[in-house]
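Novice: My questions will all concern the structure given below.
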Amino acid sequence: MQLAASLLEKYSKAGPRYTSYPTAPYFTEAFGEKEWLEEIKQTQDKGRDLSLYVHIPFCDTLCYYCGCNMVATKKYGRATEYLDYLFQEIDRVAALTNPGRVARQLHWGGGTPTYLHPDDIRRLFAHIASRFTIAADAETGCEVDPRELSREHVKALKESGFNRISLGVQDLDDTVQRAVNRVQPESLIREVYGWMREEGFDSVNMDLMVGLPHQTVETYRETLDKIIDMGPDRLAVFNYAHVPWMKKHQKLIVESDLPSLQVRLALQQLILDKLGAAGYVYIGMDHFAKPDDEIVQAQQSKTLYRNFQGYTTHKNCDIYAFGASSISQTEDVFVQNVKKLSDYYRLVGEGRLPTERGLRVTNEDKLRRDAITRIMCDLELDKALFGRAWGIDFDSYFADALAELKEMEADGLVALSPEKVTVTQPGRFFLRNIAMPFDAYLKQQSAEKPRFSKTL
């Protein structure tokens, strides 16, 4: 797949990642704990399964590129204090949950979940399993930082019941690692990866990042060659989002060290070429997987879905998310917890759910969410099928979106026919741009428009 530099430059603009629609900046404090409690109670007998998410915000050191809600600390007592409150929050939601509901998916993110000591990993997993029914074949994943990781951590994850690991690598070049304060030699990555394979994990994903300081085509080619040699099942190659107005610590990155647009474009082409030649299928939105991976098969069978945990094969699940800043979701509602630990502790300590803001979606939101999800996951929209499902005439309803897509069709990103909107092979690289014409919120005029990262 060849990417024209002119197109990459043209479409590199601010836009959402669409892990939700409406996107998180449109959540409001008018939706709070009272509304979330009512939603939990009213949705227990809808027949939907559960997806459980736990946010562990702690890290040993600060990575300068980080865009997550995290706390860098060497004081482990902060983690044990956090777990005390986390257990209380889990207990409150579990007490409201129909015991017949089954968790099909469990994911721990951060921060760094493996900041926790091995015994605390076991303790937290056991606590969740004692409060919720986790399916025997549930997809259970955990994000892992190779630094400070021991073989005992990997054993604790496996013994607890995790079957998927997402290993944070970013780049194997020493100069790049030092520039972003994340030093982890290739030998360490290989050792940790070996532990995961030896312990029998079903799936290992590696997270890489492109657009970091000092990255060049030559150095990144070496990184990709080494990663391909290790053979992870999936790869997520994220674009570094430089948003120092949102993440103040990113000011520690020297902007003049960031690769130029021309170099970034060459890096993107390199990624597509190298991973494609190695047999990885490009799902879209930075994600690659081996051909026999279930997310590739789900995309082919049009059962792939997208939520706050990225691409998933578990569509019809309510997400119950625990911990500071985590986001829960039902068919009709999004709700986010408070971000500050002090606020989280205060609210949980008062016997409350630590909600900060949320949103009840309208039917119009659901309709557009479905259109955006189909673009992101199926890589096509069947107009007649979609129109029947939602009781609309597709061409009339989305006349403005189709008009915007005409230019993208001229640029070879989509194919527009009387029957379908189809993402082309090059268009997979521009999914955020292709989805944006269906986003009604982006068209609203307001003085306080949210600022998104660049799409490319």
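Ligands are numbered from 1 in the order shown, residues from 1 within each chain, and chains are lettered A, B, ... in the order they appear in the structure tokens.
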Applying 7 Å and only C-alpha atoms, which residues near segment 105-119 of chain A remain after dropping the ones on its own chain fewer than 5 positions away? List them as a PyMOL selection string.
Specialist: chain A and resi 50-59+68-70+138-145+152-153+156
Novice: Could the residues of segment 221-269 of chain A that have an atom at most 10 Å from segment 281-291 of chain A be listed as a tab-separated table, each with its closest atom pair and the distance in Å to one decimal, counting only C-alpha atoms and ordered by chain and ascending residue number?
Specialist:
residue	atom	partner	partner_atom	distance
A:Gly231	CA	A:Lys290	CA	9.4
A:Pro232	CA	A:Ala289	CA	8.6
A:Asp233	CA	A:Lys290	CA	5.8
A:Arg234	CA	A:Ala289	CA	4.3
A:Leu235	CA	A:Phe288	CA	5.1
A:Ala236	CA	A:His287	CA	4.5
A:Val237	CA	A:Asp286	CA	5.1
A:Phe238	CA	A:Asp286	CA	5.7
A:Asn239	CA	A:Asp286	CA	7.8
A:Gln268	CA	A:Asp286	CA	9.9
Novice: Using only C-alpha atoms, determine which residues lie at most 10 Å from Arg101 of chain A, disregarding the query and same-chain residues fewer than 2 positions distant; provide the list as a ChimeraX atom specification.
Specialist: /A:44-50,97-99,103-104,132-135
Novice: Based on DSSP run over this structure's backbone, return all residues of segment 49-170 of chain A in strand (DSSP E or B), as a ChimeraX atom specification.
Specialist: /A:49-56,58-59,71-72,102-110,133-144,164-170
Novice: Skipping near chain neighbours, those fewer than 3 positions away, what residues fall within 9 Å of Thr19 of chain A using only C-alpha atoms, listed as an MDAnalysis selection string?
Specialist: chainID A and resid 16 23:24 306:311
Novice: With a distance cut-off of 12 Å and only C-alpha atoms, select the neighbouring residues of Gln88 of chain A, excluding the residue or stretch itself and same-chain residues fewer than 6 positions from it, and output the selection as number ranges by chain.
Specialist: A: 81-82, 94-95, 124, 127-128, 131, 322-323, 344-345, 347-354
Novice: Name the residues of segment 97-132 of chain A that come out as alpha helix (DSSP H) in a backbone DSSP run; write them as a list in words.
Specialist: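 Filtering segment 97-132 of chain A to alpha helix (DSSP H) leaves Pro118, Asp119, Asp120, Ile121, Arg122, Arg123, Leu124, Phe125, Ala126, His127, Ile128, Ala129, Ser130 and Arg131 of chain A.
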Novice: Could those residues be written to a file, using N, CA and C atoms, as a PDB file, in the first residue's frame?
Specialist:
ATOM      1  N   PRO A 118       3.101  -8.824  42.816  1.00  0.00           N
ATOM      2  CA  PRO A 118       2.416 -10.044  42.377  1.00  0.00           C
ATOM      3  C   PRO A 118       1.281 -10.482  43.300  1.00  0.00           C
ATOM      4  N   ASP A 119       1.479 -10.428  44.607  1.00  0.00           N
ATOM      5  CA  ASP A 119       0.418 -10.840  45.528  1.00  0.00           C
ATOM      6  C   ASP A 119      -0.785  -9.924  45.454  1.00  0.00           C
ATOM      7  N   ASP A 120      -0.558  -8.636  45.165  1.00  0.00           N
ATOM      8  CA  ASP A 120      -1.687  -7.719  45.029  1.00  0.00           C
ATOM      9  C   ASP A 120      -2.406  -7.910  43.698  1.00  0.00           C
ATOM     10  N   ILE A 121      -1.683  -8.354  42.674  1.00  0.00           N
ATOM     11  CA  ILE A 121      -2.336  -8.734  41.413  1.00  0.00           C
ATOM     12  C   ILE A 121      -3.293  -9.890  41.682  1.00  0.00           C
ATOM     13  N   ARG A 122      -2.806 -10.883  42.390  1.00  0.00           N
ATOM     14  CA  ARG A 122      -3.652 -12.035  42.718  1.00  0.00           C
ATOM     15  C   ARG A 122      -4.844 -11.609  43.577  1.00  0.00           C
ATOM     16  N   ARG A 123      -4.589 -10.741  44.537  1.00  0.00           N
ATOM     17  CA  ARG A 123      -5.633 -10.302  45.461  1.00  0.00           C
ATOM     18  C   ARG A 123      -6.727  -9.525  44.739  1.00  0.00           C
ATOM     19  N   LEU A 124      -6.334  -8.627  43.829  1.00  0.00           N
ATOM     20  CA  LEU A 124      -7.313  -7.834  43.097  1.00  0.00           C
ATOM     21  C   LEU A 124      -8.132  -8.715  42.161  1.00  0.00           C
ATOM     22  N   PHE A 125      -7.464  -9.606  41.444  1.00  0.00           N
ATOM     23  CA  PHE A 125      -8.198 -10.475  40.515  1.00  0.00           C
ATOM     24  C   PHE A 125      -9.176 -11.350  41.292  1.00  0.00           C
ATOM     25  N   ALA A 126      -8.721 -11.916  42.410  1.00  0.00           N
ATOM     26  CA  ALA A 126      -9.580 -12.785  43.211  1.00  0.00           C
ATOM     27  C   ALA A 126     -10.789 -12.017  43.738  1.00  0.00           C
ATOM     28  N   HIS A 127     -10.572 -10.754  44.103  1.00  0.00           N
ATOM     29  CA  HIS A 127     -11.680  -9.941  44.613  1.00  0.00           C
ATOM     30  C   HIS A 127     -12.727  -9.732  43.523  1.00  0.00           C
ATOM     31  N   ILE A 128     -12.284  -9.404  42.328  1.00  0.00           N
ATOM     32  CA  ILE A 128     -13.219  -9.218  41.208  1.00  0.00           C
ATOM     33  C   ILE A 128     -13.964 -10.511  40.922  1.00  0.00           C
ATOM     34  N   ALA A 129     -13.231 -11.622  40.880  1.00  0.00           N
ATOM     35  CA  ALA A 129     -13.838 -12.919  40.573  1.00  0.00           C
ATOM     36  C   ALA A 129     -14.827 -13.359  41.647  1.00  0.00           C
ATOM     37  N   SER A 130     -14.651 -12.862  42.871  1.00  0.00           N
ATOM     38  CA  SER A 130     -15.582 -13.222  43.947  1.00  0.00           C
ATOM     39  C   SER A 130     -16.852 -12.380  43.894  1.00  0.00           C
ATOM     40  N   ARG A 131     -16.825 -11.278  43.170  1.00  0.00           N
ATOM     41  CA  ARG A 131     -17.977 -10.372  43.092  1.00  0.00           C
ATOM     42  C   ARG A 131     -18.734 -10.481  41.781  1.00  0.00           C
TER      43      ARG A 131
END
Novice: List as a PyMOL selection string the protein and nucleic acid residues near Pro244 of chain A, meaning an atom at most 10 Å away when only C-alpha atoms are counted, but skip any in the same chain fewer than 5 places from it.
Specialist: chain A and resi 65+67+249-253
Novice: Write out as a PyMOL selection string which residues come within 12 Å of Ile271 of chain A when counting only C-alpha atoms, dropping same-chain ones fewer than 5 positions away.
Specialist: chain A and resi 1-3+208-210+217-218+220-225+227-228+235-239+264-266+276-278+280-282+286-288+429
Novice: Between atom CA of Val176 of chain A and atom CA of Phe201 of chain A, what is the spacing in Å?
Specialist: 29.2 Å
Novice: Could I get the residues of segment 341-390 of chain A with an atom no further than 10 Å from an atom of segment 36-39 of chain A, each paired with its nearest atom pair and that distance in Å to one decimal, using only C-alpha atoms, sorted by chain and residue number, as CSV?
Specialist:
residue,atom,partner,partner_atom,distance
A:Arg352,CA,A:Leu37,CA,9.9
A:Leu353,CA,A:Leu37,CA,8.2
A:Thr355,CA,A:Trp36,CA,7.9
A:Arg357,CA,A:Trp36,CA,9.6
A:Gly358,CA,A:Trp36,CA,8.3
A:Leu359,CA,A:Trp36,CA,9.6
A:Arg360,CA,A:Glu39,CA,9.6
Novice: Hey, can you spit out that residue selection with N, CA and C atoms as a PDB file, in the first residue's frame?
Specialist:
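As a result, again_27.pdb now contains:
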ATOM      1  N   ARG A 352     -20.149   6.680  48.316  1.00  0.00           N
ATOM      2  CA  ARG A 352     -20.755   7.046  47.036  1.00  0.00           C
ATOM      3  C   ARG A 352     -20.006   6.414  45.871  1.00  0.00           C
ATOM      4  N   LEU A 353     -20.620   6.435  44.702  1.00  0.00           N
ATOM      5  CA  LEU A 353     -19.908   6.077  43.483  1.00  0.00           C
ATOM      6  C   LEU A 353     -19.172   7.328  43.002  1.00  0.00           C
ATOM      7  N   THR A 355     -18.516   9.154  40.489  1.00  0.00           N
ATOM      8  CA  THR A 355     -18.784   9.668  39.148  1.00  0.00           C
ATOM      9  C   THR A 355     -18.538  11.169  39.075  1.00  0.00           C
ATOM     10  N   ARG A 357     -18.836  12.879  35.559  1.00  0.00           N
ATOM     11  CA  ARG A 357     -19.625  13.399  34.436  1.00  0.00           C
ATOM     12  C   ARG A 357     -20.056  12.244  33.562  1.00  0.00           C
ATOM     13  N   GLY A 358     -21.033  12.494  32.720  1.00  0.00           N
ATOM     14  CA  GLY A 358     -21.512  11.433  31.840  1.00  0.00           C
ATOM     15  C   GLY A 358     -22.427  11.993  30.776  1.00  0.00           C
ATOM     16  N   LEU A 359     -23.170  11.096  30.131  1.00  0.00           N
ATOM     17  CA  LEU A 359     -24.049  11.514  29.036  1.00  0.00           C
ATOM     18  C   LEU A 359     -25.060  10.413  28.761  1.00  0.00           C
ATOM     19  N   ARG A 360     -26.318  10.799  28.625  1.00  0.00           N
ATOM     20  CA  ARG A 360     -27.331   9.877  28.122  1.00  0.00           C
ATOM     21  C   ARG A 360     -27.477  10.154  26.637  1.00  0.00           C
TER      22      ARG A 360
END
Novice: Which value, in Å to one decimal, gives the distance between atom CA of Val93 of chain A and atom CA of Asp137 of chain A?
Specialist: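 Straight-line distance from atom CA of Val93 of chain A to atom CA of Asp137 of chain A works out to 22.9 Å.
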Novice: Would you mind telling me which residue in A:Glu419, A:Asp400, A:Glu407, A:Asp395 lies nearest to Lys443 of chain A when using only C-alpha atoms?
Specialist: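 Selected residue with least distance to Lys443 of chain A: A:Asp400.
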Novice: Find the residue from A:Tyr320, A:Lys406, A:Ser325, A:Gly77 that sits nearest to Arg92 of chain A; use only C-alpha atoms when measuring.
Specialist: A:Tyr320
Novice: Which residue is closest to Trp390 of chain A? Choose from A:Arg374, A:Arg368, A:Arg151, A:Lys247 and count only C-alpha atoms.
Specialist: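 Selected residue with least distance to Trp390 of chain A: A:Arg368.
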